[in-house]
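Asks: Pasting structure-v4.txt below, which is compact mmCIF, C-alpha atoms.
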```
# COMPACT_ATOMS: atom_id res chain seq x y z
CA TYR A 12 27.37 -0.94 -13.00
CA GLY A 13 26.31 2.04 -15.09
CA LEU A 14 24.58 2.99 -18.33
CA ILE A 15 25.97 3.64 -21.80
CA LEU A 16 23.66 5.72 -24.02
CA VAL A 17 24.09 5.56 -27.79
CA GLU A 18 21.83 8.24 -29.23
CA PRO A 19 20.42 8.17 -32.77
CA THR A 20 22.17 10.35 -35.34
CA GLY A 21 19.78 13.25 -34.84
CA GLY A 22 19.81 12.94 -31.07
CA LEU A 23 16.83 12.50 -28.78
CA PRO A 24 13.99 15.04 -28.71
CA ILE A 25 14.78 18.02 -26.48
CA VAL A 26 13.29 17.94 -22.97
CA ASP A 27 13.60 20.36 -20.06
CA GLU A 28 15.19 18.00 -17.54
CA GLU A 29 16.97 14.64 -17.67
CA PHE A 30 17.83 12.33 -14.76
CA TYR A 31 19.97 9.21 -14.46
CA VAL A 32 18.85 6.65 -11.87
CA MET A 33 20.00 3.07 -11.33
CA GLN A 34 18.55 0.47 -9.01
CA GLY A 35 20.76 -2.09 -7.35
CA GLU A 36 20.83 -4.66 -4.59
CA ALA A 37 23.19 -4.99 -1.64
CA TYR A 38 23.89 -8.26 0.15
CA VAL A 39 25.63 -7.76 3.48
CA ASN A 40 25.94 -9.68 6.73
CA GLY A 41 23.89 -8.71 9.75
CA ALA A 42 20.43 -7.21 10.01
CA ALA A 43 19.36 -4.45 7.62
CA GLY A 44 19.86 -1.10 9.30
CA ALA A 45 22.44 -2.40 11.80
CA ASN A 46 25.23 0.15 12.32
CA GLY A 47 28.89 -0.42 11.60
CA PHE A 48 30.86 -1.96 8.76
CA ARG A 49 29.13 -4.88 7.02
CA MET A 50 30.87 -7.40 4.78
CA PHE A 51 29.49 -8.62 1.48
CA ASP A 52 27.47 -11.78 2.11
CA ALA A 53 27.81 -14.19 -0.83
CA GLU A 54 25.42 -16.67 0.75
CA ARG A 55 22.65 -14.05 0.88
CA MET A 56 23.26 -13.28 -2.79
CA MET A 57 23.13 -16.95 -3.78
CA ASP A 58 19.92 -17.33 -1.77
CA ASP A 59 18.48 -14.17 -3.40
CA ARG A 60 17.93 -12.35 -0.08
CA PRO A 61 18.93 -8.70 -0.61
CA SER A 62 19.67 -6.65 2.49
CA TYR A 63 18.96 -3.39 0.67
CA PHE A 64 17.45 -2.17 -2.58
CA ILE A 65 19.06 1.13 -3.52
CA PHE A 66 18.73 3.93 -6.05
CA ASN A 67 22.13 5.35 -7.06
CA GLY A 68 24.07 3.47 -4.45
CA ARG A 69 22.48 4.52 -1.17
CA THR A 70 19.14 4.60 0.62
CA GLY A 71 17.53 8.06 0.56
CA GLU A 72 19.95 9.31 -2.09
CA MET A 73 17.18 10.42 -4.45
CA VAL A 74 15.68 13.00 -2.05
CA ASP A 75 16.16 16.70 -2.98
CA ARG A 76 18.04 15.61 -6.10
CA MET A 77 15.33 15.67 -8.77
CA THR A 78 13.44 18.98 -9.00
CA VAL A 79 11.51 20.25 -12.01
CA ASP A 80 9.01 23.01 -12.75
CA VAL A 81 5.33 22.57 -13.55
CA GLY A 82 5.01 22.05 -17.29
CA ASP A 83 8.52 20.66 -17.74
CA ASP A 84 9.08 17.71 -20.02
CA VAL A 85 11.13 15.19 -18.07
CA ARG A 86 13.21 12.22 -19.23
CA ILE A 87 14.55 9.55 -16.87
CA PHE A 88 17.22 7.08 -17.91
CA PHE A 89 16.68 4.19 -15.53
CA GLY A 90 18.85 1.09 -15.23
CA ASN A 91 18.71 -2.01 -13.07
CA GLY A 92 22.10 -3.32 -12.04
CA GLY A 93 20.52 -6.30 -10.30
CA VAL A 94 22.07 -8.72 -9.69
CA ASN A 95 18.97 -10.82 -9.18
CA ARG A 96 15.67 -8.96 -9.15
CA VAL A 97 13.46 -7.48 -11.85
CA SER A 98 12.44 -3.87 -11.16
CA THR A 99 8.95 -2.44 -11.75
CA LEU A 100 9.52 1.29 -12.14
CA HIS A 101 6.63 3.53 -11.08
CA ILE A 102 6.06 7.15 -10.06
CA VAL A 103 3.19 7.44 -7.60
CA GLY A 104 0.64 9.91 -8.99
CA GLU A 105 2.15 10.16 -12.48
CA THR A 106 1.93 8.37 -15.83
CA PHE A 107 4.77 7.86 -18.26
CA ASP A 108 3.73 9.63 -21.46
CA ARG A 109 6.32 7.71 -23.45
CA GLY A 110 8.53 4.78 -22.63
CA TYR A 111 11.19 2.72 -24.35
CA PRO A 112 11.11 -0.76 -22.76
CA GLU A 113 14.54 -2.36 -22.53
CA ALA A 114 15.88 1.02 -23.72
CA ALA A 115 14.93 0.22 -27.34
CA ILE A 116 15.48 3.74 -28.66
CA GLY A 117 15.10 2.74 -32.31
CA SER A 118 11.58 1.42 -31.75
CA ASP A 119 8.33 3.33 -31.42
CA PRO A 120 7.70 4.41 -27.82
CA VAL A 121 5.03 2.79 -25.68
CA LEU A 122 2.47 5.43 -24.71
CA ASN A 123 0.70 6.20 -21.42
CA THR A 124 2.05 3.50 -19.13
CA ASP A 125 1.76 3.43 -15.36
CA THR A 126 4.54 0.97 -14.50
CA THR A 127 7.33 -0.48 -16.62
CA ILE A 128 9.39 -3.63 -16.13
CA VAL A 129 13.18 -3.37 -16.10
CA PRO A 130 15.03 -6.71 -16.03
CA ALA A 131 18.20 -7.23 -14.06
CA GLY A 132 21.00 -5.94 -16.24
CA GLY A 133 18.52 -3.95 -18.33
CA ALA A 134 17.38 -0.38 -18.71
CA THR A 135 14.51 1.80 -19.84
CA ILE A 136 13.83 5.38 -20.83
CA VAL A 137 10.64 7.07 -19.64
CA GLU A 138 9.31 10.54 -20.40
CA LEU A 139 6.56 12.56 -18.76
CA THR A 140 5.20 16.07 -18.45
CA ALA A 141 5.07 17.44 -14.90
CA ASP A 142 1.47 18.63 -14.82
CA ALA A 143 0.94 19.57 -11.16
CA PRO A 144 3.12 20.59 -8.22
CA GLY A 145 3.86 18.05 -5.55
CA GLU A 146 6.35 15.47 -4.31
CA TYR A 147 6.05 12.29 -6.36
CA LEU A 148 7.57 9.06 -5.10
CA LEU A 149 9.79 7.16 -7.51
CA VAL A 150 9.61 3.51 -6.49
CA ASP A 151 10.03 -0.08 -7.46
CA GLN A 152 6.35 -1.05 -7.42
CA SER A 153 7.24 -4.19 -5.51
CA LEU A 154 6.65 -1.94 -2.55
CA ASP A 155 8.41 -3.92 0.15
CA ARG A 156 11.57 -2.75 -1.59
CA ALA A 157 10.79 0.85 -0.68
CA ASP A 158 11.19 -0.17 2.95
CA HIS A 159 14.55 -1.65 1.96
CA GLY A 160 15.70 1.64 0.38
CA ALA A 161 14.45 1.72 -3.25
CA TRP A 162 12.67 5.06 -3.36
CA GLY A 163 13.22 8.62 -4.44
CA VAL A 164 11.30 11.87 -4.85
CA LEU A 165 10.54 13.80 -8.02
CA GLU A 166 9.66 17.29 -6.77
CA VAL A 167 7.53 19.45 -9.06
CA VAL A 168 7.42 23.12 -8.10
CA GLY A 169 5.20 25.92 -9.38
CA ALA A 170 1.65 27.17 -9.38
CA GLY A 171 -1.41 24.96 -9.55
CA ALA A 172 -3.48 22.59 -7.47
CA VAL A 173 -1.16 20.26 -5.58
CA ASN A 174 -1.46 16.68 -6.74
CA VAL A 175 -3.11 14.74 -3.94
CA ALA A 176 -1.63 11.35 -4.86
CA GLN A 177 1.08 11.80 -2.26
CA HIS A 178 2.55 9.52 0.38
CA ALA A 179 4.02 10.51 3.72
CA PHE A 180 7.78 9.98 3.82
CA ASP A 181 10.62 10.59 6.20
CA PRO A 182 13.90 11.84 4.68
CA VAL A 183 15.83 9.21 6.66
CA ALA A 184 13.46 6.28 7.15
CA GLY A 185 11.80 6.56 3.76
CA PRO A 186 8.19 6.42 2.61
CA VAL A 187 5.46 4.80 4.64
CA LEU A 188 4.24 2.52 1.87
CA SER A 189 4.28 -1.11 2.80
CA ARG A 190 4.64 -1.30 6.55
CA PRO A 191 1.61 -3.35 7.52
CA HIS A 192 -0.03 -3.70 10.89
CA ASN A 193 1.57 -7.09 11.52
CA HIS A 194 0.97 -6.76 15.24
CA ALA A 195 -2.63 -5.56 15.12
CA SER A 196 -4.42 -6.77 18.20
CA ARG A 197 -7.20 -9.31 18.01
CA GLN A 198 -9.44 -6.71 19.59
CA ALA A 199 -8.71 -4.27 16.74
CA LEU A 200 -9.28 -6.97 14.12
CA SER A 201 -12.58 -7.89 15.75
CA GLN A 202 -13.94 -4.46 14.82
CA LEU A 203 -13.75 -5.26 11.11
CA ASP A 204 -16.70 -6.62 9.14
CA HIS A 205 -16.73 -10.35 8.40
CA LEU A 206 -17.83 -11.12 4.84
CA ALA A 207 -18.85 -14.48 3.44
CA SER A 208 -16.87 -13.71 0.27
CA ILE A 209 -14.89 -10.80 -1.11
CA ALA A 210 -14.51 -12.32 -4.61
CA HIS A 211 -15.57 -9.90 -7.34
CA ASP A 212 -17.96 -11.41 -9.90
CA PRO A 213 -16.07 -11.46 -13.26
CA ASN A 214 -19.33 -10.60 -15.02
CA ASP A 215 -19.72 -7.41 -12.99
CA LEU A 216 -18.21 -4.64 -15.10
CA PRO A 217 -19.73 -1.46 -16.54
CA ALA A 218 -20.99 -1.22 -20.08
CA ASP A 219 -18.98 0.53 -22.76
CA PRO A 220 -19.20 4.25 -21.86
CA VAL A 221 -20.90 6.78 -24.09
CA PRO A 222 -18.64 9.23 -25.95
CA ALA A 223 -17.12 11.87 -23.70
CA THR A 224 -19.42 14.82 -23.05
CA GLY A 225 -17.12 16.93 -20.90
CA ASP A 226 -19.38 16.47 -17.89
CA ASN A 227 -17.95 15.41 -14.55
CA ILE A 228 -18.01 11.69 -13.86
CA ARG A 229 -18.13 11.15 -10.11
CA ILE A 230 -16.60 8.00 -8.64
CA ASP A 231 -16.69 7.17 -4.94
CA LEU A 232 -14.45 4.44 -3.58
CA ASP A 233 -14.35 3.07 -0.06
CA ALA A 234 -11.03 1.71 1.19
CA LYS A 235 -12.35 -0.91 3.55
CA GLU A 236 -10.66 -3.63 5.56
CA VAL A 237 -12.68 -6.79 6.12
CA ILE A 238 -12.23 -10.33 7.37
CA ALA A 239 -12.99 -13.04 4.81
CA GLU A 240 -11.95 -16.53 3.76
CA ILE A 241 -8.90 -16.85 1.51
CA ALA A 242 -8.95 -20.66 1.45
CA PRO A 243 -11.28 -23.22 3.02
CA GLY A 244 -11.19 -22.58 6.75
CA VAL A 245 -8.53 -19.85 6.50
CA MET A 246 -9.59 -16.30 7.40
CA VAL A 247 -7.45 -13.21 6.70
CA ASN A 248 -7.68 -9.43 6.93
CA TYR A 249 -8.29 -8.09 3.40
CA TRP A 250 -7.63 -4.54 2.24
CA THR A 251 -10.34 -3.85 -0.34
CA PHE A 252 -12.00 -1.19 -2.41
CA ASP A 253 -15.76 -1.37 -1.80
CA GLY A 254 -15.44 -4.72 -0.03
CA SER A 255 -14.35 -6.86 -2.98
CA VAL A 256 -11.13 -8.14 -4.59
CA PRO A 257 -10.43 -6.77 -7.04
CA GLY A 258 -12.33 -3.53 -6.48
CA PRO A 259 -14.89 -2.19 -8.95
CA PHE A 260 -13.89 -1.91 -12.60
CA LEU A 261 -13.74 1.83 -13.43
CA ARG A 262 -14.44 2.65 -17.06
CA VAL A 263 -14.28 6.10 -18.66
CA ARG A 264 -13.32 7.59 -22.00
CA GLU A 265 -10.53 9.89 -23.11
CA GLY A 266 -11.82 13.45 -22.74
CA ASP A 267 -14.01 12.70 -19.70
CA ARG A 268 -13.46 14.79 -16.58
CA VAL A 269 -13.32 12.39 -13.64
CA GLU A 270 -13.76 13.36 -10.00
CA LEU A 271 -12.70 10.53 -7.71
CA THR A 272 -13.30 10.56 -3.96
CA LEU A 273 -11.58 7.99 -1.77
CA HIS A 274 -12.96 7.31 1.70
CA ASN A 275 -10.81 5.58 4.32
CA ASP A 276 -13.15 3.76 6.69
CA VAL A 277 -12.74 4.90 10.30
CA GLU A 278 -12.39 1.29 11.48
CA ASN A 279 -9.47 0.56 9.14
CA LEU A 280 -6.19 -0.30 10.81
CA PHE A 281 -3.97 0.88 7.96
CA HIS A 282 -3.56 4.10 5.99
CA HIS A 283 -4.66 3.84 2.35
CA SER A 284 -3.97 5.84 -0.77
```
Give the structure from this file in structure tokens form.

Replies:
Amino acid sequence: YGLILVEPTGGLPIVDEEFYVMQGEAYVNGAAGANGFRMFDAERMMDDRPSYFIFNGRTGEMVDRMTVDVGDDVRIFFGNGGVNRVSTLHIVGETFDRGYPEAAIGSDPVLNTDTTIVPAGGATIVELTADAPGEYLLVDQSLDRADHGAWGVLEVVGAGAVNVAQHAFDPVAGPVLSRPHNHASRQALSQLDHLASIAHDPNDLPADPVPATGDNIRIDLDAKEVIAEIAPGVMVNYWTFDGSVPGPFLRVREGDRVELTLHNDVENLFHHS
């Protein structure tokens, strides 16, 4: 698979850097990560059980390959070769300033999106300005796929406060995003608070904010793991913000300066971001 770009007569607006990334799936026999030659497994494909999700043909291929400077305008041509799964393209810590869903260049761009859907056999174009230095993870937001290989790094170099929306990652093993504490001991789980309900009241949301004043708006969030009922008689370990699902509704206006502090409770069993 690959992409064919047909530009409009006048071309696309000039940007500082362009990248070409395609997601795909691999279906092979044997366990994922097992060494040696692995044959294509048609049964896995028919059952929709990918062994790997990959960016540009190989796990870890998008490390040290996409580097830009602070202030650069960046365009990413992103395709999804499939064959089965829809991709949800996301850059952790960034927002797409402009996007062309399904690569519809002739249409008006969609502005200020966080994640965009790319169907199997489809493509998209996203554009952003690299505002702060840091290493930004490019992922399929179905995050278990990062552990199967679908991840990359957009490195932004230059002066400025380093963006703190970072994840730890290993250049070989990949990012530590979705590896849960499946084997947490009962003793560790017993340390967590037990709540009668974690359901957030749908009527509990802030009023329409006043026009932006330029003052700092301070928001404190607690990443807190609790035990609560998910169905009658069934208790699970929830990862919550402020002890409810979903977490609090945060409402501000364009032009506000927002200072957000995230606390990770010392009794939590999992890292949070």

Asks: Show me as number ranges by chain the residues that reach within 8 Å of (10.8, 7.3, -2.2), counting all atoms listed in the file and using the file's own coordinates.

Replies: A: 71, 73-74, 148-150, 157, 160-164, 180, 185-186

Asks: Pick the closest to Leu280 of chain A from A:Leu203, A:Val94, A:Ile25, A:Val81: which is it, counting only C-alpha atoms?

Replies: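 Of the candidates, the smallest distance to Leu280 of chain A is held by A:Leu203.
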
Asks: To one decimal place, how far is atom CA of Ala115 of chain A from atom CA of Arg76 of chain A in Å?

Replies: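 Atom-to-atom, atom CA of Ala115 of chain A and atom CA of Arg76 of chain A are spaced 26.4 Å apart.
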
Asks: Quick one, how far is atom CA of Gly82 of chain A from atom CA of Tyr31 of chain A?

Replies: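 These two atoms are separated by 19.9 Å.
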
Asks: Axis-aligned box over every listed atom of segment 103-118 of chain A, padded by 6 Å per side: centre and edges in Å to one decimal, as lines of an AutoDock Vina configuration file?

Replies:
```
center_x = 8.3
center_y = 3.9
center_z = -20.0
size_x = 27.2
size_y = 24.5
size_z = 36.7
```

Asks: Have a look at A:Ala218, A:Arg264, A:Asp231, A:Pro130 and name the one nearest to Phe252 of chain A; count all atoms listed in the file.

Replies: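 Nearest candidate to Phe252 of chain A out of A:Ala218, A:Arg264, A:Asp231, A:Pro130: A:Asp231.
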
Asks: Enter the distance from atom CA of Phe64 of chain A to atom CA of Gln34 of chain A, in Å, rounded to one decimal.

Replies: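 A separation of 7.0 Å between them.
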
Asks: I need every residue sitting at most 12 Å from the point (-9.0, -17.7, 1.5) (coordinates as in the file, all atoms listed in the file considered), written as number ranges by chain.

Replies: A: 206-210, 238-249, 256

Asks: Please produce a file of those selected residues containing C-alpha atoms, as a compact mmCIF listing (two decimals), in the coordinates of the input.

Replies:
```
# COMPACT_ATOMS: atom_id res chain seq x y z
CA LEU A 206 -17.83 -11.12 4.84
CA ALA A 207 -18.85 -14.48 3.44
CA SER A 208 -16.87 -13.71 0.27
CA ILE A 209 -14.89 -10.80 -1.11
CA ALA A 210 -14.51 -12.32 -4.61
CA ILE A 238 -12.23 -10.33 7.37
CA ALA A 239 -12.99 -13.04 4.81
CA GLU A 240 -11.95 -16.53 3.76
CA ILE A 241 -8.90 -16.85 1.51
CA ALA A 242 -8.95 -20.66 1.45
CA PRO A 243 -11.28 -23.22 3.02
CA GLY A 244 -11.19 -22.58 6.75
CA VAL A 245 -8.53 -19.85 6.50
CA MET A 246 -9.59 -16.30 7.40
CA VAL A 247 -7.45 -13.21 6.70
CA ASN A 248 -7.68 -9.43 6.93
CA TYR A 249 -8.29 -8.09 3.40
CA VAL A 256 -11.13 -8.14 -4.59
```

Asks: Give the answer as one residue: which of A:Glu36, A:Ala134, A:Gly47, A:Gly41 has the shortest atom-to-atom distance to Asn95 of chain A, using all atoms listed in the file?

Replies: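 Nearest to Asn95 of chain A: A:Glu36.
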
Asks: Skip Thr106 of chain A itself and residues of its chain fewer than 4 positions away, then list as a PDB file with C-alpha atoms, keeping the file's coordinate frame all residues within 10 Å of it, counting all atoms listed in the file.

Replies:
```pdb
ATOM      1  CA  HIS A 101       6.630   3.530 -11.080  1.00  0.00           C
ATOM      2  CA  ILE A 102       6.060   7.150 -10.060  1.00  0.00           C
ATOM      3  CA  LEU A 122       2.470   5.430 -24.710  1.00  0.00           C
ATOM      4  CA  ASN A 123       0.700   6.200 -21.420  1.00  0.00           C
ATOM      5  CA  THR A 124       2.050   3.500 -19.130  1.00  0.00           C
ATOM      6  CA  ASP A 125       1.760   3.430 -15.360  1.00  0.00           C
ATOM      7  CA  THR A 126       4.540   0.970 -14.500  1.00  0.00           C
ATOM      8  CA  VAL A 137      10.640   7.070 -19.640  1.00  0.00           C
ATOM      9  CA  GLU A 138       9.310  10.540 -20.400  1.00  0.00           C
ATOM     10  CA  LEU A 139       6.560  12.560 -18.760  1.00  0.00           C
ATOM     11  CA  THR A 140       5.200  16.070 -18.450  1.00  0.00           C
ATOM     12  CA  ALA A 141       5.070  17.440 -14.900  1.00  0.00           C
TER      13      ALA A 141
END
```

Asks: Show which residues sit within 7 Å of Gly133 of chain A, as an MDAnalysis selection string. Count only C-alpha atoms, and ignore same-chain residues fewer than 5 positions away.

Replies: chainID A and resid 90:91 113

Asks: Taking 5 positions as the minimum chain separation for residues in the same chain, which residues sit within 6 Å of Gly93 of chain A when counting only C-alpha atoms? Answer as a ChimeraX atom specification.

Replies: /A:35-36,131-132

Asks: Of the candidates A:Asn46, A:Asp142, A:Lys235, A:Tyr38, which one gets nearest to Asp58 of chain A if we count all atoms listed in the file?

Replies: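 Residue with the minimum atom-to-atom distance to Asp58 of chain A: A:Tyr38.
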
Asks: Which is closer to Leu14 of chain A than all the others in A:Phe48, A:Arg109, A:Phe89, A:Gly68, using only C-alpha atoms?

Replies: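 With only C-alpha atoms as the atom set, the closest residue is A:Phe89.
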
Asks: For each of A:Gly44, A:Gly104, A:Pro61, A:Gly117, take the minimum atom-to-atom distance to Glu18 of chain A, counting all atoms listed in the file, then give the residue where this is smallest.

Replies: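 Among A:Gly44, A:Gly104, A:Pro61, A:Gly117, it is A:Gly117 that comes nearest to Glu18 of chain A.
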